[in-house]
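Asks: One structure, as structure tokens, below. Some questions next.
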Amino acid sequence: MITAKQLRQQYLDFFRSNGHAIIRSASLIPDNDPTVLFTTAGMHPLVPYLLGAKHPQGTRLADVQKCVRTGDIDDVGDATHCTFFEMLGNWSLGDYFKKESIDFSYRFLTEVLGIDPARIAVSVFAGDEDAPRDEFSADCWASHGIARDRIFYLPKKNNWWGPAGITGPCGPDTEIFIIRDVPACSETCSPACDCGKYVEIWNNVFMEYDKQADGSFLPLAQKNVDTGMGLERTVAMLNGFESVYETDVFRPVMELLDQKAADVPDRLKGMRVIADHIRTATFMLGDEKGVTPSNVDQGYILRRLIRRALRFARTLELDPAVLTECARIYIDLYKEPYPELGENSARILDELEKEITRFSATLQQGLKEFDKLLKYIQNNRMSGKAAFKLYDTYGFPIEMTLELARDNGITVDEAGYEACFKEHQQKSQAGAEQKFKGGLADHTEQTARLHTATHLLLASLKKVLGDEGIQQKGSNITAERLRFDFNFPRALTPDELKAVEAAVNEAIAAGVEIVCEEMPIEQARAQGATGVFDSKYQDVVKVYTMGGFSKEICGGPHAANTAELGKFKIVKEQSSSSGVRRIKGVIEG
């Protein structure tokens with residue numbers, strides 16, 4: 001049986017032997033990316049380099065990146081969907097392209113992992129008015145012996161990546177599938193359907209176009225390769241498992257839950273949801289950027305996952321304390337590849353226990369609200385609006401409301417609930433689109449200036465507050481404003497805010513050149529560069545120096561001179577989460 005640890009090592013060893021520098025996993029919280037709350041793929045931390053900036057480690061890179069995706073949260077509990085997962089990735093930054101990428105993938109799958117080529121199917125871009133049919137990739141696969149009837153030409157919705165924003169790098173991809181020993185759903189069955197015959201394990205994206213604001217596609221000056229292989233899904237396929245929950249990264253937790261869960265309907269799904277959500281929560285809480293449960297942004301997603309796990313624990317008649325038992329298992333399982341979990345284990349368990357206590361209190365309030373609603377129910381039927389209020393305000397899923405309704409001899413207007421739920425989703429999506437407008441490729445002069453301002457803001461906070469322990473805990477930049485999170489135990493006074501603003505503007509007025517140097521991390525540390533100096537940094541880093549005002553490790557983008565920033569203004573200071581403050585600022589002129 002192949003384990004997750006073995007696959008991680010085999011992957012990195014293979015690409016190291018083929019000239020790739022091994023880079024470390026970045027934080028789950030993206031730097032300066034207004035489009036997403038979490039790192040959803042290995043390419044996110046590499047966007048500046050995919051856009052042409054020079055990477056300190058070279059033009060061939062590989063890593064194992066921790067990722068979170070919550071868009072398919074309702075699918076969690078099936079065989080393959082997870083909210084947290086590890087992404088194996090390799091990149092070419094203007095180095096090799098389609099042929100070499102496909103060669104690497106085929107060799108790794110067949111020579112290293114020993115997969116029978118007859119079990120491999122692939123898809124390539126079918127072509128449209130924007131780009132031609134990808135016969136080159138198809139021919140590459142055929143040259144390796146992949147039969148033409150296992151090479152599928154699929155449209156843009158299946159075999160095209162990007163751009164991440166409105167404009168920017170994008171291109172066709174080729175996806176690699178394991179053919180499972182199950183009947184096909186039809187004669188026309190292909191990797192485009194979800195019957196389970198084909199399971200995707202790897203995706204090679206060929207970034208060769210630059211989408212313009214008018215919708216046209218121009219050839220990209222630097223052609224890149226970006227690949228991603230889901231570790232859990234691949235381990236499951238290699239071992240012939242029916243689901244990812246049989247793999248070694250889930251098995252100890254699933255065994256614990258199996259011993260303690262009651263024999264109730266949907267038992268397996270409930271155990272899988274708990275196993276998945278607590279694993280994700282463990283990584284969020286243990287992240288170097290310190291996410292904690294709250295009602296906004298990443299903290300809200302974290303809170304939702306923990307409370308959803310608690311609701312399933314209730315249906316399985318489990319003591320809530322089992323969730324912290326699961327977290328302890330995950331800490332032990334992952335502390336070697338991700339040392340931050342071991343280092344932050346006390347915080348993980350403490351915050352998890354706090355949230356369990358909070359939700360228990362909310363649950364009690366919700367039960368009281370349910371009892372109040374019973375007094376106003378007509379014709380023994382609860383309205384959909386009332387059921388949705390229980391969900392939206394008290395976290396009651398419709399299943400819990402239906403269960404309580406049955407116990408009290410009433411029914412629920414489920415259609416009315418669904419209508420309220422859909423309306424809520426549409427409003428949330430519209431708000432998210434507005435909030436996260438822009439894109440990974442939105443590296444304009446204005447966003448570069450605002451990013452530069454965050455460096456000066458961090459230095460000014462340390463200077464004014466006299467606290468060298470202050471660190472960046474998150475940053476979100478759009479073309480209009482910056483948002484900067486930092487650790488500090490209290491609100492800043494009006495005088496302190498004025499002093500911080502003045503210190504930033506002093507650096508801007510000085511008009512100093514912004515110098516970028518590549519150096520070993522130990523040299524950066526010796527020179528006093530700002531940085532957490534944890535596992536997220538590589539052996540060689542970029543250090544941006546702004547005169548005597550700021551020296552910080554960063555990937556970019558930046559202005560060339562502080563004078564380009566005009567004038568900095570703080571527009572708001574508030575709490576972000578426990579022990580973390582948030583400043584919103586703009587630059588004028």
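The chains in the structure tokens are called A, B, ... from first to last as shown; in each chain the residues are counted from 1, and the ligands are counted from 1 in the order shown.
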Please provide as a PyMOL selection string all residues within 9 Å of segment 11-26 of chain A, with the sequence filter that same-chain residues fewer than 3 positions apart are discarded (counting only C-alpha atoms).
Replies: chain A and resi 6-8+29-30+39+42+45+57-66+88-92+104+108+112+338+535-539
Asks: Save the residues we just selected, C-alpha atoms, as a PDB file, in the first residue's frame?
Replies:
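Written out: result_24.pdb:
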```pdb
ATOM      1  CA  GLN A   6       5.542   8.025   0.181  1.00  0.00           C
ATOM      2  CA  LEU A   7       3.715   9.773  -2.660  1.00  0.00           C
ATOM      3  CA  ARG A   8       4.854  13.209  -1.462  1.00  0.00           C
ATOM      4  CA  ILE A  29      -4.041  32.621   3.604  1.00  0.00           C
ATOM      5  CA  PRO A  30      -3.031  34.275   0.300  1.00  0.00           C
ATOM      6  CA  THR A  39      -5.012  29.347  -1.222  1.00  0.00           C
ATOM      7  CA  GLY A  42      -0.386  25.646  -5.847  1.00  0.00           C
ATOM      8  CA  PRO A  45       1.630  31.972  -4.358  1.00  0.00           C
ATOM      9  CA  GLN A  57      14.814  29.444  -7.123  1.00  0.00           C
ATOM     10  CA  GLY A  58      14.865  29.463 -10.916  1.00  0.00           C
ATOM     11  CA  THR A  59      12.513  28.531 -13.755  1.00  0.00           C
ATOM     12  CA  ARG A  60      11.682  24.937 -12.757  1.00  0.00           C
ATOM     13  CA  LEU A  61       9.825  24.501  -9.464  1.00  0.00           C
ATOM     14  CA  ALA A  62       7.909  21.771  -7.614  1.00  0.00           C
ATOM     15  CA  ASP A  63       6.130  21.557  -4.265  1.00  0.00           C
ATOM     16  CA  VAL A  64       3.339  20.115  -2.152  1.00  0.00           C
ATOM     17  CA  GLN A  65       0.914  22.966  -1.391  1.00  0.00           C
ATOM     18  CA  LYS A  66      -1.780  22.896   1.287  1.00  0.00           C
ATOM     19  CA  LEU A  88       1.371  18.215  -5.783  1.00  0.00           C
ATOM     20  CA  GLY A  89       2.590  20.682  -8.395  1.00  0.00           C
ATOM     21  CA  ASN A  90       5.402  21.382 -10.822  1.00  0.00           C
ATOM     22  CA  TRP A  91       5.979  24.567 -12.808  1.00  0.00           C
ATOM     23  CA  SER A  92       7.885  25.832 -15.772  1.00  0.00           C
ATOM     24  CA  PHE A 104       7.311  14.218 -17.128  1.00  0.00           C
ATOM     25  CA  PHE A 108       6.129   9.692 -13.249  1.00  0.00           C
ATOM     26  CA  VAL A 112       7.654   5.745 -10.666  1.00  0.00           C
ATOM     27  CA  TYR A 338       3.751  20.673   8.251  1.00  0.00           C
ATOM     28  CA  SER A 535       8.963  27.270   6.904  1.00  0.00           C
ATOM     29  CA  LYS A 536       7.196  29.331   4.241  1.00  0.00           C
ATOM     30  CA  TYR A 537      10.434  30.967   3.098  1.00  0.00           C
ATOM     31  CA  GLN A 538      12.818  29.375   0.616  1.00  0.00           C
ATOM     32  CA  ASP A 539      16.601  29.182   0.969  1.00  0.00           C
TER      33      ASP A 539
END
```
Asks: Would you pick out the contacts of Lys368 of chain A at 12 Å or less, using only C-alpha atoms, so that residues sharing its chain but fewer than 5 positions from it are not included, and give the list as a list of chain:residue names?
Replies: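 Here the qualifying residues turn out to be A:Ala361, A:Thr362, A:Leu363, A:Leu373, A:Leu374, A:Lys375, A:Leu390, A:Tyr394, A:Leu404.
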Asks: Please write the residues from the selection above to a file, keeping N, CA and C atoms, as a PDB file, in the first residue's frame.
Replies:
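Wrote part.pdb, looks like this:
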```pdb
ATOM      1  N   ALA A 361     -23.804  27.092  23.244  1.00  0.00           N
ATOM      2  CA  ALA A 361     -24.672  28.156  23.760  1.00  0.00           C
ATOM      3  C   ALA A 361     -25.639  28.628  22.676  1.00  0.00           C
ATOM      4  N   THR A 362     -25.142  28.780  21.443  1.00  0.00           N
ATOM      5  CA  THR A 362     -26.003  29.193  20.331  1.00  0.00           C
ATOM      6  C   THR A 362     -27.075  28.151  20.069  1.00  0.00           C
ATOM      7  N   LEU A 363     -26.698  26.896  20.183  1.00  0.00           N
ATOM      8  CA  LEU A 363     -27.647  25.807  19.967  1.00  0.00           C
ATOM      9  C   LEU A 363     -28.786  25.885  20.984  1.00  0.00           C
ATOM     10  N   LEU A 373     -41.336  29.648  18.299  1.00  0.00           N
ATOM     11  CA  LEU A 373     -41.992  29.566  16.986  1.00  0.00           C
ATOM     12  C   LEU A 373     -43.186  28.623  17.019  1.00  0.00           C
ATOM     13  N   LEU A 374     -43.090  27.593  17.862  1.00  0.00           N
ATOM     14  CA  LEU A 374     -44.193  26.627  17.947  1.00  0.00           C
ATOM     15  C   LEU A 374     -45.516  27.290  18.317  1.00  0.00           C
ATOM     16  N   LYS A 375     -45.415  28.386  19.089  1.00  0.00           N
ATOM     17  CA  LYS A 375     -46.632  29.056  19.550  1.00  0.00           C
ATOM     18  C   LYS A 375     -47.358  29.774  18.412  1.00  0.00           C
ATOM     19  N   LEU A 390     -33.917  30.003  11.507  1.00  0.00           N
ATOM     20  CA  LEU A 390     -33.212  29.095  12.410  1.00  0.00           C
ATOM     21  C   LEU A 390     -31.839  28.728  11.846  1.00  0.00           C
ATOM     22  N   TYR A 394     -29.154  30.862  13.889  1.00  0.00           N
ATOM     23  CA  TYR A 394     -28.716  29.922  14.932  1.00  0.00           C
ATOM     24  C   TYR A 394     -27.944  28.719  14.395  1.00  0.00           C
ATOM     25  N   LEU A 404     -36.585  18.217  14.626  1.00  0.00           N
ATOM     26  CA  LEU A 404     -37.313  18.804  15.750  1.00  0.00           C
ATOM     27  C   LEU A 404     -38.802  18.924  15.434  1.00  0.00           C
TER      28      LEU A 404
END
```
Asks: What does the distance from atom CA of Thr530 of chain A to atom CA of Asp350 of chain A come to in Å, to one decimal?
Replies: 28.7 Å
Asks: Between atom CA of His144 of chain A and atom CA of Ile120 of chain A, what distance in Å does the model show, to one decimal?
Replies: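 These atoms are spaced 11.1 Å apart.
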Asks: So what do you get for atom CA of Leu310 of chain A versus atom CA of Lys389 of chain A, distance-wise?
Replies: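 For atom CA of Leu310 of chain A relative to atom CA of Lys389 of chain A, the distance reads 19.0 Å.
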Asks: Excluding same-chain residues fewer than 5 positions from Arg133 of chain A, what lies within 10 Å of it counting only C-alpha atoms, as a PyMOL selection string?
Replies: chain A and resi 124-128+138+153-155+172
Asks: Just to be explicit: take each residue in the selection above, keep N, CA and C atoms, and write the result as a PDB file, in the first residue's frame.
Replies:
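Wrote again-v3.pdb, looks like this:
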```
ATOM      1  N   VAL A 124      -7.915  16.725 -23.834  1.00  0.00           N
ATOM      2  CA  VAL A 124      -7.218  17.899 -24.344  1.00  0.00           C
ATOM      3  C   VAL A 124      -8.262  18.887 -24.857  1.00  0.00           C
ATOM      4  N   PHE A 125      -7.826  20.115 -25.099  1.00  0.00           N
ATOM      5  CA  PHE A 125      -8.737  21.179 -25.521  1.00  0.00           C
ATOM      6  C   PHE A 125      -9.240  20.939 -26.938  1.00  0.00           C
ATOM      7  N   ALA A 126     -10.572  21.043 -27.113  1.00  0.00           N
ATOM      8  CA  ALA A 126     -11.197  20.758 -28.401  1.00  0.00           C
ATOM      9  C   ALA A 126     -11.072  21.908 -29.392  1.00  0.00           C
ATOM     10  N   GLY A 127     -10.740  23.099 -28.901  1.00  0.00           N
ATOM     11  CA  GLY A 127     -10.611  24.244 -29.775  1.00  0.00           C
ATOM     12  C   GLY A 127     -11.905  25.023 -29.923  1.00  0.00           C
ATOM     13  N   ASP A 128     -11.776  26.337 -30.130  1.00  0.00           N
ATOM     14  CA  ASP A 128     -12.934  27.197 -30.389  1.00  0.00           C
ATOM     15  C   ASP A 128     -12.441  28.449 -31.105  1.00  0.00           C
ATOM     16  N   ALA A 138      -2.354  16.085 -27.891  1.00  0.00           N
ATOM     17  CA  ALA A 138      -2.894  14.764 -28.228  1.00  0.00           C
ATOM     18  C   ALA A 138      -1.822  13.888 -28.858  1.00  0.00           C
ATOM     19  N   TYR A 153     -11.257  14.963 -26.726  1.00  0.00           N
ATOM     20  CA  TYR A 153     -11.243  16.394 -27.016  1.00  0.00           C
ATOM     21  C   TYR A 153     -12.470  17.024 -26.358  1.00  0.00           C
ATOM     22  N   LEU A 154     -12.232  17.912 -25.391  1.00  0.00           N
ATOM     23  CA  LEU A 154     -13.323  18.504 -24.629  1.00  0.00           C
ATOM     24  C   LEU A 154     -13.277  20.031 -24.726  1.00  0.00           C
ATOM     25  N   PRO A 155     -14.434  20.689 -24.528  1.00  0.00           N
ATOM     26  CA  PRO A 155     -14.512  22.148 -24.705  1.00  0.00           C
ATOM     27  C   PRO A 155     -13.871  22.924 -23.558  1.00  0.00           C
ATOM     28  N   PRO A 172      -5.073  26.460 -22.612  1.00  0.00           N
ATOM     29  CA  PRO A 172      -5.645  25.124 -22.598  1.00  0.00           C
ATOM     30  C   PRO A 172      -4.920  24.235 -21.591  1.00  0.00           C
TER      31      PRO A 172
END
```
Asks: From the set A:Ser123, A:Ile179, A:Ser360, A:Ser550, which residue has the shortest atom-to-atom contact distance to Lys156 of chain A, counting only C-alpha atoms?
Replies: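 Of the candidates, the smallest distance to Lys156 of chain A is held by A:Ser123.
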Asks: Mind checking DSSP for segment 311-540 of chain A and telling me the helix (DSSP H, G or I) residues as a ChimeraX atom specification?
Replies: /A:311-315,322-334,339-343,345-374,384-394,398-407,414-435,445-465,494-510,521-526
Asks: Which polymer residues have any atom within 9 Å of an atom of His55 of chain A, counting only C-alpha atoms, with same-chain residues fewer than 5 positions away left out, as a list in words?
Replies: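 Residues meeting the cut-off are Leu46, Pro48, Tyr49, Leu93, Val541, Lys542 and Gly555 of chain A.
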Asks: Residues of segment 322-394 of chain A that have any atom at most 12 Å from an atom of segment 267-291 of chain A: could you tabulate them with the shortest-distance atom pair and the distance in Å to one decimal, using only C-alpha atoms, ordered by chain and increasing number, as CSV?
Replies:
```
residue,atom,partner,partner_atom,distance
A:Val322,CA,A:Ile274,CA,9.8
A:Leu323,CA,A:Ile278,CA,6.8
A:Thr324,CA,A:Ile278,CA,8.4
A:Glu325,CA,A:Ile278,CA,9.9
A:Cys326,CA,A:Ile278,CA,6.9
A:Ala327,CA,A:Thr282,CA,6.0
A:Arg328,CA,A:Thr282,CA,8.8
A:Ile329,CA,A:Arg279,CA,9.3
A:Tyr330,CA,A:Arg279,CA,6.4
A:Ile331,CA,A:Thr282,CA,7.5
A:Asp332,CA,A:Thr282,CA,11.1
A:Leu333,CA,A:Arg279,CA,10.5
A:Tyr334,CA,A:Phe283,CA,9.4
A:Lys335,CA,A:Gly286,CA,10.2
A:Tyr338,CA,A:Phe283,CA,9.2
A:Pro339,CA,A:Gly286,CA,9.4
A:Glu340,CA,A:Gly286,CA,6.1
A:Leu341,CA,A:Gly286,CA,5.0
A:Gly342,CA,A:Gly286,CA,8.1
A:Glu343,CA,A:Gly286,CA,8.1
A:Asn344,CA,A:Gly286,CA,5.4
A:Ser345,CA,A:Gly286,CA,6.8
A:Ala346,CA,A:Gly286,CA,9.1
A:Arg347,CA,A:Leu285,CA,7.2
A:Ile348,CA,A:Leu285,CA,5.2
A:Leu349,CA,A:Thr282,CA,8.3
A:Asp350,CA,A:Leu285,CA,9.7
A:Glu351,CA,A:Leu285,CA,7.5
A:Leu352,CA,A:Ala281,CA,8.2
A:Glu353,CA,A:Leu285,CA,11.8
A:Glu355,CA,A:Ala281,CA,11.1
A:Ile356,CA,A:Ile278,CA,11.9
```
Asks: Could you turn the residues from that selection into a file that holds N, CA and C atoms, as a short mmCIF file (atom, residue, chain, number, x, y, z; two decimals), in the first residue's frame?
Replies:
```cif
data_model
loop_
_atom_site.label_atom_id
_atom_site.label_comp_id
_atom_site.auth_asym_id
_atom_site.auth_seq_id
_atom_site.Cartn_x
_atom_site.Cartn_y
_atom_site.Cartn_z
N VAL A 322 -15.20 14.66 20.96
CA VAL A 322 -14.56 13.80 19.97
C VAL A 322 -13.89 14.65 18.88
N LEU A 323 -14.38 15.88 18.68
CA LEU A 323 -13.78 16.73 17.66
C LEU A 323 -12.35 17.11 18.02
N THR A 324 -12.09 17.39 19.28
CA THR A 324 -10.72 17.71 19.68
C THR A 324 -9.85 16.46 19.63
N GLU A 325 -10.45 15.28 19.88
CA GLU A 325 -9.70 14.03 19.73
C GLU A 325 -9.25 13.87 18.28
N CYS A 326 -10.15 14.18 17.34
CA CYS A 326 -9.82 14.11 15.92
C CYS A 326 -8.69 15.08 15.59
N ALA A 327 -8.77 16.30 16.13
CA ALA A 327 -7.74 17.30 15.86
C ALA A 327 -6.38 16.84 16.36
N ARG A 328 -6.36 16.21 17.53
CA ARG A 328 -5.09 15.70 18.06
C ARG A 328 -4.47 14.66 17.13
N ILE A 329 -5.32 13.81 16.57
CA ILE A 329 -4.83 12.78 15.64
C ILE A 329 -4.23 13.45 14.40
N TYR A 330 -4.92 14.46 13.87
CA TYR A 330 -4.41 15.15 12.68
C TYR A 330 -3.10 15.87 12.96
N ILE A 331 -2.99 16.49 14.12
CA ILE A 331 -1.74 17.17 14.48
C ILE A 331 -0.59 16.18 14.45
N ASP A 332 -0.81 15.01 15.02
CA ASP A 332 0.23 13.99 15.06
C ASP A 332 0.54 13.45 13.67
N LEU A 333 -0.49 13.29 12.84
CA LEU A 333 -0.30 12.77 11.48
C LEU A 333 0.49 13.72 10.58
N TYR A 334 0.29 15.02 10.76
CA TYR A 334 0.81 16.00 9.82
C TYR A 334 1.96 16.85 10.36
N LYS A 335 2.34 16.70 11.60
CA LYS A 335 3.33 17.62 12.16
C LYS A 335 4.72 17.47 11.52
N TYR A 338 4.21 19.30 7.98
CA TYR A 338 3.75 20.67 8.25
C TYR A 338 4.01 21.00 9.73
N PRO A 339 5.26 21.38 10.05
CA PRO A 339 5.66 21.60 11.45
C PRO A 339 4.80 22.61 12.18
N GLU A 340 4.17 23.55 11.45
CA GLU A 340 3.36 24.57 12.11
C GLU A 340 2.22 23.96 12.93
N LEU A 341 1.75 22.77 12.56
CA LEU A 341 0.67 22.15 13.34
C LEU A 341 1.16 21.74 14.72
N GLY A 342 2.36 21.18 14.78
CA GLY A 342 2.92 20.82 16.08
C GLY A 342 3.23 22.05 16.91
N GLU A 343 3.80 23.05 16.25
CA GLU A 343 4.16 24.28 16.96
C GLU A 343 2.94 25.02 17.49
N ASN A 344 1.83 24.94 16.79
CA ASN A 344 0.62 25.68 17.18
C ASN A 344 -0.47 24.77 17.75
N SER A 345 -0.08 23.58 18.23
CA SER A 345 -1.07 22.60 18.69
C SER A 345 -1.93 23.13 19.83
N ALA A 346 -1.32 23.89 20.75
CA ALA A 346 -2.09 24.41 21.88
C ALA A 346 -3.18 25.37 21.39
N ARG A 347 -2.82 26.23 20.43
CA ARG A 347 -3.80 27.17 19.89
C ARG A 347 -4.92 26.43 19.16
N ILE A 348 -4.55 25.42 18.39
CA ILE A 348 -5.55 24.65 17.64
C ILE A 348 -6.60 24.08 18.59
N LEU A 349 -6.15 23.39 19.61
CA LEU A 349 -7.07 22.72 20.53
C LEU A 349 -7.85 23.73 21.37
N ASP A 350 -7.19 24.81 21.79
CA ASP A 350 -7.87 25.82 22.61
C ASP A 350 -8.98 26.50 21.83
N GLU A 351 -8.69 26.94 20.59
CA GLU A 351 -9.70 27.63 19.79
C GLU A 351 -10.84 26.69 19.40
N LEU A 352 -10.51 25.44 19.15
CA LEU A 352 -11.55 24.47 18.81
C LEU A 352 -12.49 24.26 19.99
N GLU A 353 -11.94 24.12 21.17
CA GLU A 353 -12.77 23.95 22.37
C GLU A 353 -13.62 25.19 22.64
N GLU A 355 -14.80 27.27 20.40
CA GLU A 355 -15.88 27.33 19.41
C GLU A 355 -16.96 26.30 19.72
N ILE A 356 -16.56 25.15 20.23
CA ILE A 356 -17.53 24.13 20.63
C ILE A 356 -18.42 24.69 21.74
#
```
Asks: Which residue gives the smallest distance to Ser216 of chain A among A:Asp263, A:Glu242, A:Glu175, A:Asp130, with only C-alpha atoms counted?
Replies: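 Nearest candidate to Ser216 of chain A out of A:Asp263, A:Glu242, A:Glu175, A:Asp130: A:Asp130.
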Asks: As a PyMOL selection string, please: every residue in segment 2-153 of chain A that a backbone DSSP assignment puts in strand (DSSP E or B).
Replies: chain A and resi 21-22+31+60-68+84-93+120-125+151-153
Asks: At a cut-off of 9 Å, using only C-alpha atoms, what residues contact Glu480 of chain A? Leave out same-chain residues fewer than 3 positions from it and give the result as a list in words.
Replies: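 Surrounding residues, per the criterion: Gln446, Thr447, Leu450, Ile477, Val586 and Ile587 of chain A.
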Asks: Check which residues of segment 335-454 of chain A sit at most 12 Å from segment 503-520 of chain A using only C-alpha atoms, and return one row each with the closest pair of atoms and their distance in Å to one decimal, ordered by chain and rising number, as JSON lines.
Replies:
```
{"residue": "A:Arg449", "atom": "CA", "partner": "A:Ile508", "partner_atom": "CA", "distance": 10.7}
{"residue": "A:Leu450", "atom": "CA", "partner": "A:Val504", "partner_atom": "CA", "distance": 11.9}
{"residue": "A:Thr452", "atom": "CA", "partner": "A:Ile514", "partner_atom": "CA", "distance": 9.1}
{"residue": "A:Ala453", "atom": "CA", "partner": "A:Val504", "partner_atom": "CA", "distance": 7.6}
{"residue": "A:Thr454", "atom": "CA", "partner": "A:Val504", "partner_atom": "CA", "distance": 9.3}
```
Asks: Convert the current residue selection to file output with all heavy atoms, as a JSON list (two decimals), in the first residue's frame.
Replies:
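File produced: result-v2.json:
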```
[["chain", "number", "residue", "atom", "x", "y", "z"],
["A", 449, "ARG", "N", 1.53, 50.13, -5.87],
["A", 449, "ARG", "CA", 1.76, 51.22, -4.91],
["A", 449, "ARG", "C", 1.15, 50.87, -3.55],
["A", 449, "ARG", "O", 1.77, 51.10, -2.50],
["A", 449, "ARG", "CB", 1.16, 52.52, -5.43],
["A", 449, "ARG", "CG", 1.87, 53.09, -6.65],
["A", 449, "ARG", "CD", 1.25, 54.42, -7.06],
["A", 449, "ARG", "NE", 1.77, 54.89, -8.33],
["A", 449, "ARG", "CZ", 1.03, 55.12, -9.40],
["A", 449, "ARG", "NH1", -0.28, 54.92, -9.35],
["A", 449, "ARG", "NH2", 1.58, 55.54, -10.53],
["A", 450, "LEU", "N", -0.07, 50.36, -3.58],
["A", 450, "LEU", "CA", -0.73, 50.00, -2.32],
["A", 450, "LEU", "C", 0.02, 48.89, -1.61],
["A", 450, "LEU", "O", 0.13, 48.88, -0.38],
["A", 450, "LEU", "CB", -2.18, 49.59, -2.60],
["A", 450, "LEU", "CG", -3.14, 50.76, -2.88],
["A", 450, "LEU", "CD1", -4.41, 50.27, -3.56],
["A", 450, "LEU", "CD2", -3.48, 51.48, -1.57],
["A", 452, "THR", "N", 3.21, 48.36, -1.81],
["A", 452, "THR", "CA", 4.39, 49.01, -1.25],
["A", 452, "THR", "C", 4.05, 49.72, 0.05],
["A", 452, "THR", "O", 4.82, 49.71, 1.02],
["A", 452, "THR", "CB", 4.97, 50.02, -2.27],
["A", 452, "THR", "OG1", 5.22, 49.34, -3.50],
["A", 452, "THR", "CG2", 6.24, 50.65, -1.75],
["A", 453, "ALA", "N", 2.86, 50.32, 0.08],
["A", 453, "ALA", "CA", 2.42, 51.03, 1.30],
["A", 453, "ALA", "C", 2.28, 50.10, 2.49],
["A", 453, "ALA", "O", 2.48, 50.52, 3.63],
["A", 453, "ALA", "CB", 1.10, 51.76, 1.03],
["A", 454, "THR", "N", 1.94, 48.83, 2.24],
["A", 454, "THR", "CA", 1.82, 47.90, 3.37],
["A", 454, "THR", "C", 3.17, 47.68, 4.05],
["A", 454, "THR", "O", 3.23, 47.49, 5.27],
["A", 454, "THR", "CB", 1.23, 46.54, 2.93],
["A", 454, "THR", "OG1", 2.13, 45.87, 2.04],
["A", 454, "THR", "CG2", -0.12, 46.70, 2.28]]
```
